[in-house]
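Asks: This is the structure, below, for whatever I ask next.
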Amino acid sequence: AFSYTKGDGWQHDINTNRRYGAQDLLAIRNLTKFQIDDKSSALLNIHYTRDRGTPMSPQDVDGDAVNGTPTGTIGVGPTARFTQVNVGQDRVGRKEDGGGASLSFERVFNFGVFSSQTAIDMYRRSVYDNYDGESVQVGDYHWNDTYLAQSHDMHLRTNIAKIFHLTVGIYESYDKIDGAYTSYRGFLFDRPEANLTDHFSQQNLSTGVYVNTVTNITHNLDFIASGRFSYDERGFHGGTRNDNGVLGSPAGSNLSYLNTSHNYERFTGRVGLRYQVVPGTYLYGTISNGYKAGTYFAAPVSAPQALDYVRPENLIAYEVGVKSSLFKNKLTVEGSLFDYEYHNRQTLFVAEMPGDITSLSLGSISRARTRGGELSSAIHDLIPNLDLRGSFAYLDARAISAVNNIVGLPLLSNVDAHSALPFAPRFSWSAVARYGIDINRYRLTLQASYTWKDNMLVALGDPNGQTNKISSMGLRMEFAPKTSKWTAAVYVDNMLNNHGNTYSFTGSDNSRAQYLQTPRWIGVDLRYNF
């Protein structure tokens, strides 16, 4: 299979009229199944992707006001149209290549099923990003790195006495990143070629064993128990170089440097009950714990402590819910309530760095909590030819502990106790309706969709780091033979042409930059199945 996407950019530079946000994406995949015998099979997956698109540029709405230049000189101003950006002669481009292979093997025995999966992937990118949204180099970036990722998992699923279902397995994964991330800040430091580059190599190794059990206590009641023992190693070698003598130190000297590794073990698990109320309807409740591995912040930063190791994040999760399928699967309902308690929650912060600049960094909140609920439902042909789907979610995600610095670096604005967490919209919901009309040997399908997401923070300690409420409506009409040999469709996305702020932040010069929704798209979609 292959997929190719090509599209012009929808953003226009106010001074050069160049376009940004263009797409040029190719993906290729080959799946080959080997039926070794009637009980053994293997699946080989070989894939490759290539991206030559042009990155979107944010809008800087008050860069001119902050730096004392006329509106439109380096930014776009607060009244710019949603398609307008100011990139100037800054270099912007994308060159990404990635690919790999995986081999899955399955063998059926009288006592169970053995599965094994081995995968390896490689990725290379060189991306120039006008991250500051200005036509001068206040915070432009060059992301230049190479990734290697490898993993292997083996497990056995078996039933014992028909009431005890057991899965045992082992896993191992390794990945390595070699990178050179450059931040261009010539305008900020009044030097034509000023930049900072983080040259680094990071290695991550994880391995462990796991077990999962389901015990049928009664005909309608199951007891679920699982556990995993994990061993992790995280190593980092490198740091940020002062390439052109910025911030007073000699050119080529290190502003920050680490050569360290951390290793640790964790035991995580889950226990729960699942009860069948009636056939097709289940109630469940679980208590589990988990963790996110420790990590390093690899972006170029002028403060040594901003590069420090961020400890693992730990989580205790409580969840109750229901899953139901009624009227011969014509109505499905899923819902849950949850309570997540975090310790050392890894979070993005905006901190003040040496040289009177601000920068994004990674730190932790000693205690945080997320509570909420989700509900989704689907109706299939309860009314002939009509399908309805909908979902709703509520989140109350807050920091329990206050934060006013990251390893001694002051935040741009302090985070008080009970402040909202980033990337956690309070409310969100979506709905889709599809209606089919039979016309002899053909079928006409009409579809309407709508999504809505509440505003949310994108980083802590940043007074500009908050999105708008985002909504989007779409319509689609498809015409196809009942054999589905081909499909012709017309569609419109973001029909109301909304232009909400999907991501905003404070730049290195303390100006405000923002990314906006893509505009209304109207198109034709033609498909043919060989």
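Every chain in the structure tokens takes a letter, A first, then B, and so on in the order presented; its residues are numbered from 1, and the ligands are numbered from 1 following the presented order.
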Considering only C-alpha atoms, return as number ranges by chain whatever protein or nucleic-acid residues lie within 8 Å of region 194-196 of chain A, sequence-local ones (same chain, fewer than 6 positions apart) excluded.
Replies: A: 182-186, 240-246, 300-302
Asks: Give me the residues within 9 Å of Lys323 (chain A) as a list in words, counting only C-alpha atoms and dropping any in the same chain fewer than 4 places off.
Replies: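 Answer for this query is Gly280, Thr281, Tyr282, Leu283, Tyr284, Thr332, Val333, Glu334, Gly335 and Ser336 of chain A.
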Asks: Give the strand (DSSP E) residues of region 405-460 of chain A, as assigned by DSSP on the backbone, as number ranges by chain.
Replies: A: 405-406, 409-415, 427-439, 442-453
Asks: Next, dump the selected residues to file, keeping only C-alpha atoms, as an mmCIF file, in the first residue's frame.
Replies:
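Dumped to again13.cif:
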```cif
data_model
loop_
_atom_site.group_PDB
_atom_site.id
_atom_site.type_symbol
_atom_site.label_atom_id
_atom_site.label_comp_id
_atom_site.auth_asym_id
_atom_site.auth_seq_id
_atom_site.Cartn_x
_atom_site.Cartn_y
_atom_site.Cartn_z
ATOM 1 C CA ASN A 405 11.039 27.531 40.006
ATOM 2 C CA ILE A 406 12.662 24.671 38.105
ATOM 3 C CA LEU A 409 15.284 28.908 37.579
ATOM 4 C CA PRO A 410 12.343 31.277 38.252
ATOM 5 C CA LEU A 411 9.201 30.737 36.236
ATOM 6 C CA LEU A 412 7.841 33.477 34.013
ATOM 7 C CA SER A 413 4.810 33.380 36.335
ATOM 8 C CA ASN A 414 4.401 31.213 39.429
ATOM 9 C CA VAL A 415 2.146 28.150 39.491
ATOM 10 C CA PHE A 427 -15.002 19.785 28.565
ATOM 11 C CA SER A 428 -14.848 18.214 25.114
ATOM 12 C CA TRP A 429 -17.353 16.436 22.927
ATOM 13 C CA SER A 430 -17.926 15.193 19.386
ATOM 14 C CA ALA A 431 -20.809 13.835 17.304
ATOM 15 C CA VAL A 432 -21.138 12.161 13.905
ATOM 16 C CA ALA A 433 -24.321 11.304 11.966
ATOM 17 C CA ARG A 434 -24.359 9.166 8.782
ATOM 18 C CA TYR A 435 -27.419 8.416 6.695
ATOM 19 C CA GLY A 436 -27.476 6.070 3.710
ATOM 20 C CA ILE A 437 -29.861 6.176 0.751
ATOM 21 C CA ASP A 438 -30.077 3.198 -1.638
ATOM 22 C CA ILE A 439 -30.406 4.071 -5.329
ATOM 23 C CA TYR A 442 -25.630 2.434 -5.684
ATOM 24 C CA ARG A 443 -25.615 4.040 -2.270
ATOM 25 C CA LEU A 444 -25.586 7.731 -1.362
ATOM 26 C CA THR A 445 -24.272 8.544 2.116
ATOM 27 C CA LEU A 446 -24.654 11.887 3.872
ATOM 28 C CA GLN A 447 -22.503 12.694 6.900
ATOM 29 C CA ALA A 448 -22.334 15.572 9.358
ATOM 30 C CA SER A 449 -19.760 15.890 12.144
ATOM 31 C CA TYR A 450 -18.985 18.365 14.903
ATOM 32 C CA THR A 451 -16.199 18.565 17.494
ATOM 33 C CA TRP A 452 -15.723 21.001 20.362
ATOM 34 C CA LYS A 453 -12.892 21.349 22.878
#
```
Asks: Which is closest to Arg50 (chain A) among A:Leu25, A:Leu315, A:Val277, A:Val127, if we use only C-alpha atoms?
Replies: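 With only C-alpha atoms as the atom set, the closest residue is A:Leu25.
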Asks: Please report the interatomic distance between CA of Asp198 (chain A) and CA of Asp60 (chain A) in Å with one decimal.
Replies: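 Those two atoms sit 25.2 Å apart.
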Asks: One number please: CA of Thr347 (chain A) to CA of Thr467 (chain A), in Å, one decimal.
Replies: 16.9 Å
